[in-house]
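Novice: Got a file for you: structure.txt, compact mmCIF, C-alpha atoms.
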# COMPACT_ATOMS: atom_id res chain seq x y z
CA MET A 15 24.06 -152.27 -214.67
CA ALA A 16 25.71 -153.89 -217.65
CA THR A 17 29.16 -155.23 -216.86
CA HIS A 18 32.02 -153.52 -218.64
CA ILE A 19 35.73 -153.24 -218.07
CA ASP A 20 37.20 -150.48 -215.94
CA LYS A 21 38.14 -147.37 -217.89
CA ASP A 22 39.37 -143.91 -217.07
CA PRO A 23 37.13 -141.56 -219.04
CA GLY A 24 39.34 -138.68 -217.95
CA THR A 25 42.10 -139.94 -220.22
CA LEU A 26 39.76 -141.04 -223.02
CA VAL A 27 37.47 -137.98 -223.30
CA ARG A 28 40.05 -135.67 -224.83
CA GLY A 29 41.33 -134.96 -228.30
CA VAL A 30 38.74 -135.72 -230.97
CA SER A 31 35.38 -136.98 -229.69
CA PRO A 32 33.06 -137.23 -232.72
CA VAL A 33 29.28 -136.95 -232.52
CA LEU A 34 27.87 -139.91 -234.45
CA GLU A 35 25.43 -139.38 -237.31
CA VAL A 36 22.31 -141.51 -237.88
CA PRO A 37 21.70 -142.94 -241.36
CA PHE A 38 18.19 -143.37 -242.75
CA HIS A 39 17.00 -145.24 -245.81
CA SER A 40 15.66 -143.15 -248.69
CA ASP A 41 12.11 -143.60 -247.37
CA GLY A 42 13.10 -142.20 -243.97
CA ALA A 43 13.25 -145.53 -242.14
CA LEU A 44 16.10 -146.06 -239.72
CA ASP A 45 19.22 -147.79 -241.09
CA PRO A 46 20.72 -149.69 -238.11
CA ASP A 47 23.28 -151.49 -240.27
CA GLY A 48 24.47 -148.14 -241.61
CA PHE A 49 24.79 -146.87 -238.04
CA THR A 50 26.99 -149.80 -236.99
CA THR A 51 29.19 -149.07 -240.01
CA VAL A 52 29.46 -145.45 -238.89
CA VAL A 53 30.48 -146.60 -235.40
CA ASP A 54 33.08 -149.03 -236.73
CA ARG A 55 34.59 -146.56 -239.20
CA VAL A 56 34.81 -143.76 -236.65
CA LEU A 57 36.36 -145.99 -233.98
CA ALA A 58 38.90 -147.15 -236.58
CA THR A 59 40.31 -143.60 -236.71
CA GLY A 60 41.74 -144.12 -233.22
CA VAL A 61 39.60 -141.61 -231.32
CA GLY A 62 39.34 -142.09 -227.56
CA SER A 63 35.62 -141.35 -227.29
CA VAL A 64 32.43 -140.82 -229.27
CA MET A 65 29.12 -139.18 -228.40
CA PHE A 66 25.55 -140.13 -229.32
CA PRO A 67 22.92 -138.81 -229.92
CA GLY A 68 23.68 -135.14 -230.49
CA PHE A 69 22.42 -132.46 -232.83
CA ALA A 70 24.65 -134.03 -235.51
CA GLY A 71 22.78 -137.30 -234.95
CA GLU A 72 19.34 -135.68 -235.36
CA PHE A 73 18.31 -136.73 -231.85
CA HIS A 74 15.24 -134.53 -232.23
CA LYS A 75 14.02 -136.76 -235.10
CA LEU A 76 14.39 -140.12 -233.32
CA ASP A 77 11.70 -141.80 -231.28
CA ALA A 78 12.43 -143.45 -227.93
CA GLY A 79 12.70 -146.92 -229.43
CA GLU A 80 15.16 -145.80 -232.09
CA ARG A 81 17.35 -144.05 -229.53
CA GLU A 82 17.37 -147.17 -227.35
CA LEU A 83 18.21 -149.44 -230.29
CA LEU A 84 21.08 -147.29 -231.57
CA THR A 85 22.44 -146.69 -228.06
CA GLY A 86 22.55 -150.45 -227.56
CA LEU A 87 24.33 -151.00 -230.88
CA LEU A 88 26.96 -148.42 -229.96
CA LEU A 89 27.53 -149.77 -226.45
CA ASP A 90 27.80 -153.33 -227.77
CA ARG A 91 30.92 -152.10 -229.61
CA THR A 92 32.46 -150.04 -226.79
CA ARG A 93 31.53 -151.78 -223.54
CA GLN A 94 34.46 -154.20 -223.54
CA ARG A 95 37.04 -151.87 -225.09
CA ALA A 96 39.55 -150.23 -222.76
CA ASP A 97 40.63 -147.74 -225.44
CA VAL A 98 37.35 -145.94 -226.12
CA ALA A 99 34.62 -144.28 -224.08
CA ALA A 100 30.99 -143.98 -225.16
CA ILE A 101 29.30 -140.73 -224.10
CA ILE A 102 25.52 -141.10 -224.21
CA SER A 103 23.67 -137.82 -224.59
CA VAL A 104 20.58 -136.98 -222.58
CA PRO A 105 18.78 -134.08 -224.32
CA ASP A 106 15.38 -134.71 -222.71
CA HIS A 107 13.59 -131.58 -221.52
CA ALA A 108 11.60 -132.99 -218.59
CA THR A 109 13.79 -133.62 -215.57
CA ARG A 110 11.98 -136.88 -214.82
CA HIS A 111 12.66 -138.21 -218.32
CA ALA A 112 16.25 -136.95 -218.32
CA ILE A 113 16.96 -138.80 -215.08
CA GLY A 114 15.37 -141.95 -216.50
CA GLN A 115 17.39 -141.76 -219.71
CA ALA A 116 20.63 -141.07 -217.85
CA LEU A 117 20.09 -144.01 -215.52
CA ARG A 118 19.21 -146.22 -218.48
CA ALA A 119 22.43 -145.18 -220.23
CA ALA A 120 24.39 -146.11 -217.10
CA GLU A 121 22.57 -149.45 -216.92
CA LEU A 122 23.48 -150.24 -220.52
CA GLY A 123 27.16 -149.51 -219.92
CA ALA A 124 27.74 -145.88 -220.90
CA ASP A 125 31.12 -144.51 -219.85
CA ALA A 126 29.82 -140.96 -219.48
CA VAL A 127 26.66 -138.93 -220.01
CA ASN A 128 26.31 -135.73 -222.03
CA LEU A 129 23.64 -133.53 -220.47
CA LEU A 130 21.90 -130.87 -222.59
CA PRO A 131 20.14 -128.34 -220.35
CA PRO A 132 16.38 -127.93 -220.83
CA HIS A 133 15.46 -125.07 -223.13
CA PHE A 134 11.91 -125.34 -224.51
CA LEU A 135 9.75 -122.34 -223.56
CA ALA A 136 12.67 -120.57 -221.87
CA PRO A 137 12.92 -122.16 -218.42
CA SER A 138 14.32 -119.90 -215.71
CA ALA A 139 17.97 -120.01 -214.68
CA ALA A 140 16.88 -121.63 -211.41
CA ALA A 141 14.92 -124.31 -213.27
CA VAL A 142 17.91 -125.09 -215.50
CA ARG A 143 20.19 -125.28 -212.47
CA ASP A 144 17.77 -127.61 -210.65
CA HIS A 145 17.52 -129.87 -213.70
CA LEU A 146 21.29 -130.20 -213.98
CA HIS A 147 21.62 -130.72 -210.22
CA GLU A 148 19.06 -133.51 -210.12
CA VAL A 149 20.42 -135.44 -213.10
CA LEU A 150 24.01 -135.12 -211.90
CA ALA A 151 23.00 -136.41 -208.48
CA ALA A 152 20.97 -139.28 -209.91
CA VAL A 153 23.79 -140.73 -212.03
CA ALA A 154 26.73 -140.10 -209.67
CA PRO A 155 29.51 -141.18 -209.84
CA LEU A 156 29.09 -141.61 -213.62
CA PRO A 157 31.06 -138.79 -215.33
CA VAL A 158 29.00 -136.09 -217.01
CA VAL A 159 29.58 -133.54 -219.77
CA VAL A 160 27.31 -130.48 -219.61
CA GLN A 161 26.66 -129.21 -223.12
CA TYR A 162 26.39 -125.44 -223.43
CA ALA A 163 24.92 -124.60 -226.84
CA PRO A 164 23.29 -121.17 -226.50
CA ALA A 165 22.75 -120.63 -230.23
CA GLN A 166 20.71 -123.83 -230.47
CA THR A 167 18.96 -123.61 -227.10
CA GLY A 168 18.96 -120.03 -225.87
CA THR A 169 20.14 -121.28 -222.49
CA ALA A 170 22.38 -118.88 -220.54
CA LEU A 171 25.16 -120.38 -218.38
CA ASP A 172 28.40 -118.82 -217.17
CA ALA A 173 31.61 -120.00 -215.55
CA PRO A 174 30.62 -119.13 -211.95
CA ALA A 175 27.37 -121.09 -212.25
CA LEU A 176 29.15 -124.10 -213.74
CA HIS A 177 31.90 -123.93 -211.12
CA ARG A 178 29.28 -123.91 -208.35
CA LEU A 179 27.61 -126.91 -209.92
CA ALA A 180 30.93 -128.74 -210.17
CA ALA A 181 31.68 -127.99 -206.52
CA GLU A 182 28.47 -129.81 -205.57
CA HIS A 183 28.87 -132.62 -208.08
CA PRO A 184 32.36 -134.08 -208.60
CA ASN A 185 31.00 -136.16 -211.48
CA LEU A 186 30.62 -132.98 -213.58
CA ARG A 187 33.88 -133.50 -215.41
CA TRP A 188 33.68 -131.46 -218.63
CA VAL A 189 31.73 -128.71 -220.35
CA LYS A 190 31.09 -128.80 -224.08
CA VAL A 191 31.37 -125.14 -225.08
CA GLU A 192 29.47 -124.00 -228.17
CA SER A 193 29.14 -120.32 -227.39
CA ALA A 194 30.37 -117.83 -230.00
CA PRO A 195 33.18 -117.17 -229.51
CA PRO A 196 33.97 -120.01 -227.09
CA GLY A 197 37.44 -118.95 -225.94
CA ARG A 198 36.65 -116.72 -222.99
CA LEU A 199 34.33 -119.24 -221.36
CA ILE A 200 36.88 -122.01 -221.94
CA ALA A 201 39.55 -119.93 -220.21
CA ALA A 202 37.22 -119.01 -217.33
CA LEU A 203 36.27 -122.65 -216.81
CA ALA A 204 39.94 -123.63 -216.74
CA ALA A 205 40.59 -121.10 -213.96
CA GLY A 206 39.60 -121.41 -210.32
CA PRO A 207 40.13 -123.90 -207.50
CA ARG A 208 38.69 -126.79 -209.49
CA PRO A 209 39.33 -126.29 -213.21
CA LEU A 210 36.63 -127.60 -215.52
CA PRO A 211 38.04 -128.98 -218.79
CA SER A 212 36.26 -127.94 -221.98
CA LEU A 213 35.45 -129.69 -225.21
CA VAL A 214 34.80 -127.21 -228.00
CA GLY A 215 31.92 -127.89 -230.37
CA HIS A 216 30.45 -126.00 -233.33
CA ALA A 217 32.53 -128.07 -235.80
CA GLY A 218 35.72 -126.68 -234.25
CA LEU A 219 35.35 -123.36 -236.06
CA GLN A 220 37.43 -121.69 -233.35
CA LEU A 221 39.55 -124.75 -232.53
CA PRO A 222 43.05 -123.19 -232.50
CA ASP A 223 41.93 -120.39 -230.18
CA ALA A 224 40.07 -122.89 -228.00
CA LEU A 225 43.17 -125.06 -227.64
CA ARG A 226 45.33 -122.07 -226.78
CA ARG A 227 42.87 -121.20 -224.02
CA GLY A 228 42.88 -124.67 -222.50
CA ALA A 229 40.30 -126.81 -224.31
CA VAL A 230 41.13 -130.51 -223.99
CA GLY A 231 39.35 -131.62 -227.13
CA VAL A 232 36.81 -131.06 -229.88
CA GLN A 233 33.43 -132.66 -230.59
CA PRO A 234 32.71 -132.29 -234.31
CA GLY A 235 30.55 -134.39 -236.61
CA CYS A 236 31.98 -137.71 -237.70
CA SER A 237 32.13 -137.97 -241.49
CA PHE A 238 35.67 -136.58 -241.80
CA THR A 239 37.04 -137.41 -238.37
CA GLU A 240 40.49 -138.03 -239.86
CA LEU A 241 41.01 -134.31 -240.49
CA TYR A 242 40.39 -133.44 -236.86
CA VAL A 243 42.61 -136.31 -235.72
CA ALA A 244 45.42 -135.08 -237.96
CA LEU A 245 44.99 -131.55 -236.60
CA TRP A 246 44.94 -132.75 -232.98
CA ASP A 247 47.97 -134.99 -233.45
CA ALA A 248 49.95 -132.12 -234.94
CA TRP A 249 48.98 -129.89 -232.02
CA GLU A 250 49.98 -132.58 -229.51
CA ARG A 251 53.38 -132.90 -231.18
CA GLY A 252 53.92 -129.17 -230.71
CA GLU A 253 53.47 -128.47 -234.41
CA GLU A 254 51.09 -125.56 -233.94
CA ALA A 255 51.81 -124.05 -237.35
CA GLY A 256 50.91 -127.31 -239.10
CA ALA A 257 47.73 -127.71 -237.08
CA VAL A 258 46.65 -124.15 -237.83
CA ALA A 259 47.47 -124.59 -241.52
CA LEU A 260 45.17 -127.62 -241.74
CA HIS A 261 42.44 -125.76 -239.86
CA THR A 262 42.83 -122.84 -242.27
CA ARG A 263 42.26 -125.19 -245.21
CA MET A 264 39.12 -126.57 -243.55
CA LEU A 265 37.73 -123.20 -242.51
CA PRO A 266 36.11 -122.00 -245.78
CA PHE A 267 34.03 -125.17 -245.87
CA LEU A 268 33.19 -125.26 -242.18
CA SER A 269 32.27 -121.59 -241.99
CA TYR A 270 29.69 -122.02 -244.77
CA TRP A 271 28.29 -125.33 -243.54
CA MET A 272 27.95 -124.19 -239.92
CA GLN A 273 25.61 -121.36 -240.86
CA ASN A 274 22.83 -123.87 -240.24
CA VAL A 275 22.95 -127.06 -238.18
CA GLU A 276 20.69 -128.91 -240.61
CA LEU A 277 22.99 -127.85 -243.46
CA ILE A 278 26.10 -129.44 -241.97
CA ILE A 279 24.10 -132.56 -241.09
CA ALA A 280 23.09 -132.89 -244.76
CA VAL A 281 26.66 -132.24 -245.92
CA GLU A 282 28.19 -134.80 -243.55
CA LYS A 283 25.72 -137.46 -244.65
CA GLU A 284 26.57 -136.79 -248.29
CA ILE A 285 30.27 -137.18 -247.49
CA SER A 286 29.61 -140.45 -245.64
CA VAL A 287 27.65 -141.79 -248.62
CA ARG A 288 30.60 -140.94 -250.87
CA ARG A 289 32.81 -142.90 -248.49
CA GLY A 290 30.51 -145.91 -248.85
CA TRP A 291 29.42 -145.99 -245.21
CA PHE A 292 25.71 -146.18 -246.06
CA ALA A 293 23.51 -145.85 -249.13
CA SER A 294 21.27 -142.83 -248.58
CA ALA A 295 22.00 -139.27 -247.43
CA HIS A 296 18.35 -138.86 -246.44
CA CYS A 297 17.59 -136.45 -243.59
CA ARG A 298 14.19 -136.67 -241.94
CA ALA A 299 11.96 -133.67 -242.54
CA PRO A 300 12.09 -130.90 -241.66
CA GLY A 301 15.64 -130.69 -242.87
CA TYR A 302 17.97 -128.94 -245.31
CA VAL A 303 18.00 -129.75 -249.03
CA LEU A 304 21.37 -129.15 -250.67
CA ASP A 305 21.34 -127.21 -253.93
CA ASP A 306 23.67 -127.72 -256.88
CA GLU A 307 26.24 -125.14 -255.75
CA GLU A 308 26.39 -126.67 -252.28
CA ARG A 309 27.00 -130.08 -253.82
CA LYS A 310 29.82 -128.58 -255.87
CA THR A 311 31.31 -127.30 -252.61
CA ILE A 312 31.31 -130.89 -251.36
CA ASP A 313 33.08 -131.87 -254.61
CA ARG A 314 35.76 -129.28 -253.89
CA PHE A 315 36.09 -130.49 -250.30
CA CYS A 316 36.54 -134.07 -251.48
CA ALA A 317 39.16 -133.04 -254.02
CA GLU A 318 41.02 -130.99 -251.39
CA PHE A 319 41.12 -133.62 -248.67
CA ALA A 320 40.98 -136.99 -250.44
CA PRO A 321 44.66 -137.66 -249.61
CA LEU A 322 43.83 -137.50 -245.89
CA ILE A 323 40.49 -139.32 -245.91
CA PRO A 324 40.26 -143.00 -246.98
CA GLU A 325 37.57 -143.99 -249.49
CA LEU A 326 36.66 -140.37 -250.25
CA VAL A 327 35.48 -139.88 -253.81
CA ARG A 328 34.07 -136.91 -255.67
Have the structure of the file written as structure tokens, please.

Specialist:
Amino acid sequence: MATHIDKDPGTLVRGVSPVLEVPFHSDGALDPDGFTTVVDRVLATGVGSVMFPGFAGEFHKLDAGERELLTGLLLDRTRQRADVAAIISVPDHATRHAIGQALRAAELGADAVNLLPPHFLAPSAAAVRDHLHEVLAAVAPLPVVVQYAPAQTGTALDAPALHRLAAEHPNLRWVKVESAPPGRLIAALAAGPRPLPSLVGHAGLQLPDALRRGAVGVQPGCSFTELYVALWDAWERGEEAGAVALHTRMLPFLSYWMQNVELIIAVEKEISVRRGWFASAHCRAPGYVLDDEERKTIDRFCAEFAPLIPELVR
């Protein structure tokens, strides 16, 4: 395994844990320099962890070589830092490949693994459980996040099943909850003899409720990380009203953009281009093409939040 300094992911994987986007050139070719800029800019916001590759990073549009290259670029920037944890996602469907990718992430110096359950062609509950069991066992003691995204995958998991899995595998440390609404599952996971901390996803649409029910963090996209950091910091200071007020300002934009995962990917890339992080907002096909009214919504977002987000221009 790659050598890296000792860290405590339990203290780092909390608060805001952005999912990194992947820039492409206008012809669809990978933009590695743009990706390293994304990494540097997101880490500069002071977050304790980042995740790659997720839905927000178009993992389903990257080949194996591209994933390996970008994973290496990320870990080159986090391996020797005590203040940040890199969570490497393993979305592979075949258990054999998922184990291989998880072990490779550990070898390269990942601080944790994000495990997306298999979902193509509706595997049985037993098959999903076996997949999670085998990957968790293979990478132990490396900490693992299990990502529960039923809207995107159709996978059905519940708190008792996840608690049983955690009882067998102490390295199952968190669950990323993207059910709708997420609050009841978050609360159920927090209960029991061995509470399972939750990270809420889905752009934090239900973030205040999730935090009230025990979520320890949020995993949104990365192009306006500063807003989530400001919200989290206010919550941590006990300023719930201020945190909710900021979330309320964000909500009209998020609720529209999260109607479609490809839509919010396209929006976030456009925002990152306006920040000067990379040159092209290209999304590999099939994707979502923004229309004029949706671009005007981005204009309104930029005007609303420019005071909180460096470099943001209309």

Novice: Residues within 12 Å of Pro300 of chain A, please, as a list in words. Count only C-alpha atoms; anything in the same chain fewer than 4 positions from it doesn't count.

Specialist: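 Selected residues are Gly42, Glu72, His74, Lys75, Glu276, Leu277, Ala280 and His296 of chain A.
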
Novice: Which residues of segment 207-298 of chain A have any atom within 10 Å of an atom in segment 309-319 of chain A when counting only C-alpha atoms, and what is the closest pair of atoms for each, with the distance in Å to one decimal? Order the rows by chain and rising number and write it as CSV.

Specialist:
residue,atom,partner,partner_atom,distance
A:Phe238,CA,A:Phe319,CA,9.3
A:Glu240,CA,A:Phe319,CA,9.9
A:Leu241,CA,A:Phe319,CA,8.2
A:Arg263,CA,A:Glu318,CA,8.6
A:Met264,CA,A:Phe315,CA,8.4
A:Pro266,CA,A:Phe315,CA,9.6
A:Phe267,CA,A:Phe315,CA,7.2
A:Tyr270,CA,A:Thr311,CA,9.6
A:Trp271,CA,A:Thr311,CA,9.8
A:Val281,CA,A:Ile312,CA,7.3
A:Glu282,CA,A:Ile312,CA,9.3
A:Glu284,CA,A:Ile312,CA,8.2
A:Ile285,CA,A:Ile312,CA,7.5
A:Arg288,CA,A:Cys316,CA,9.1

Novice: Taking all atoms listed in the file into account, name the residue in A:Val64, A:Leu122, A:Leu129, A:Val243 that is nearest to Ile101 of chain A.

Specialist: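 Smallest distance to Ile101 of chain A is found for A:Val64.
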
Novice: Of the residues A:Gln166, A:Ser63, A:Thr239, A:Asn185, which is the one nearest to Met272 of chain A, using all atoms listed in the file?

Specialist: A:Gln166

Novice: Counting only C-alpha atoms, find residues at most 7 Å from (23.0, -128.3, -215.9) (file frame) and give them as a list in words.

Specialist: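 Answer for this query, in the requested form: Leu129, Pro131, Val142, Arg143, His145, Leu146, His147 and Val160 of chain A.
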
Novice: Grab the residues selected above and save them as a PDB file, keeping the file's coordinate frame with C-alpha atoms.

Specialist:
ATOM      1  CA  LEU A 129      23.640-133.530-220.470  1.00  0.00           C
ATOM      2  CA  PRO A 131      20.140-128.340-220.350  1.00  0.00           C
ATOM      3  CA  VAL A 142      17.910-125.090-215.500  1.00  0.00           C
ATOM      4  CA  ARG A 143      20.190-125.280-212.470  1.00  0.00           C
ATOM      5  CA  HIS A 145      17.520-129.870-213.700  1.00  0.00           C
ATOM      6  CA  LEU A 146      21.290-130.200-213.980  1.00  0.00           C
ATOM      7  CA  HIS A 147      21.620-130.720-210.220  1.00  0.00           C
ATOM      8  CA  VAL A 160      27.310-130.480-219.610  1.00  0.00           C
TER       9      VAL A 160
END

Novice: From the options A:Ser269, A:Leu221, A:Lys190, A:Lys21, which residue's atoms come nearest to Trp249 of chain A, counting only C-alpha atoms?

Specialist: A:Leu221

Novice: Which one is closest to Leu265 of chain A: A:Leu203, A:Leu76, A:Leu219, A:Leu88? Count all atoms listed in the file.

Specialist: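 Selected residue with least distance to Leu265 of chain A: A:Leu219.
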
Novice: Would you please work out which residue, of A:Ala175, A:Ala112, A:Val36, A:Ala170, is nearest to Ala152 of chain A when using all atoms listed in the file?

Specialist: A:Ala112

Novice: Which residue out of A:Pro174, A:Gly197, A:Pro321, A:Gly290 has the minimum interatomic distance to Gln220 of chain A when all atoms listed in the file are used?

Specialist: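 Using all atoms listed in the file, Gln220 of chain A sits closest to A:Gly197.
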
Novice: May I have the residues within 9 Å of segment 222-237 of chain A as a ChimeraX atom specification, using only C-alpha atoms and disregarding those fewer than 4 positions away in the same chain?

Specialist: /A:27-35,52,56,64-65,70-71,190,196-198,200-201,203-204,211-218,242,246,249,254,257-258,261,278-279,282-286,289

Novice: Give as a ChimeraX atom specification every residue, naming chains and numbers as the document does, that has an atom within 10 Å of (33.4, -143.1, -222.1), counting all atoms listed in the file.

Specialist: /A:21-27,31,62-65,89,92-93,95-102,123-127,156-158

Novice: Please produce a file of the residues just selected, as a PDB file, in the frame of the given file, where the atoms kept are C-alpha atoms.

Specialist:
ATOM      1  CA  LYS A  21      38.140-147.370-217.890  1.00  0.00           C
ATOM      2  CA  ASP A  22      39.370-143.910-217.070  1.00  0.00           C
ATOM      3  CA  PRO A  23      37.130-141.560-219.040  1.00  0.00           C
ATOM      4  CA  GLY A  24      39.340-138.680-217.950  1.00  0.00           C
ATOM      5  CA  THR A  25      42.100-139.940-220.220  1.00  0.00           C
ATOM      6  CA  LEU A  26      39.760-141.040-223.020  1.00  0.00           C
ATOM      7  CA  VAL A  27      37.470-137.980-223.300  1.00  0.00           C
ATOM      8  CA  SER A  31      35.380-136.980-229.690  1.00  0.00           C
ATOM      9  CA  GLY A  62      39.340-142.090-227.560  1.00  0.00           C
ATOM     10  CA  SER A  63      35.620-141.350-227.290  1.00  0.00           C
ATOM     11  CA  VAL A  64      32.430-140.820-229.270  1.00  0.00           C
ATOM     12  CA  MET A  65      29.120-139.180-228.400  1.00  0.00           C
ATOM     13  CA  LEU A  89      27.530-149.770-226.450  1.00  0.00           C
ATOM     14  CA  THR A  92      32.460-150.040-226.790  1.00  0.00           C
ATOM     15  CA  ARG A  93      31.530-151.780-223.540  1.00  0.00           C
ATOM     16  CA  ARG A  95      37.040-151.870-225.090  1.00  0.00           C
ATOM     17  CA  ALA A  96      39.550-150.230-222.760  1.00  0.00           C
ATOM     18  CA  ASP A  97      40.630-147.740-225.440  1.00  0.00           C
ATOM     19  CA  VAL A  98      37.350-145.940-226.120  1.00  0.00           C
ATOM     20  CA  ALA A  99      34.620-144.280-224.080  1.00  0.00           C
ATOM     21  CA  ALA A 100      30.990-143.980-225.160  1.00  0.00           C
ATOM     22  CA  ILE A 101      29.300-140.730-224.100  1.00  0.00           C
ATOM     23  CA  ILE A 102      25.520-141.100-224.210  1.00  0.00           C
ATOM     24  CA  GLY A 123      27.160-149.510-219.920  1.00  0.00           C
ATOM     25  CA  ALA A 124      27.740-145.880-220.900  1.00  0.00           C
ATOM     26  CA  ASP A 125      31.120-144.510-219.850  1.00  0.00           C
ATOM     27  CA  ALA A 126      29.820-140.960-219.480  1.00  0.00           C
ATOM     28  CA  VAL A 127      26.660-138.930-220.010  1.00  0.00           C
ATOM     29  CA  LEU A 156      29.090-141.610-213.620  1.00  0.00           C
ATOM     30  CA  PRO A 157      31.060-138.790-215.330  1.00  0.00           C
ATOM     31  CA  VAL A 158      29.000-136.090-217.010  1.00  0.00           C
TER      32      VAL A 158
END

Novice: Give me, please, the distance in Å between atom CA of Ser40 of chain A and atom CA of Ala295 of chain A, quoted to one decimal.

Specialist: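 The value is 7.5 Å.
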
Novice: Skipping near chain neighbours, those fewer than 2 positions away, what residues fall within 10 Å of His177 of chain A using only C-alpha atoms, listed as a ChimeraX atom specification?

Specialist: /A:172-175,179-183,186,202-210

Novice: Quick one: pull the distance between atom CA of Val149 of chain A and atom CA of Gln94 of chain A, Å, one decimal.

Specialist: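 Between atom CA of Val149 of chain A and atom CA of Gln94 of chain A the gap is 25.7 Å.
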
Novice: Would you mind reading off the distance between atom CA of Ala165 of chain A and atom CA of Asn274 of chain A, one decimal, in Å?

Specialist: 10.5 Å
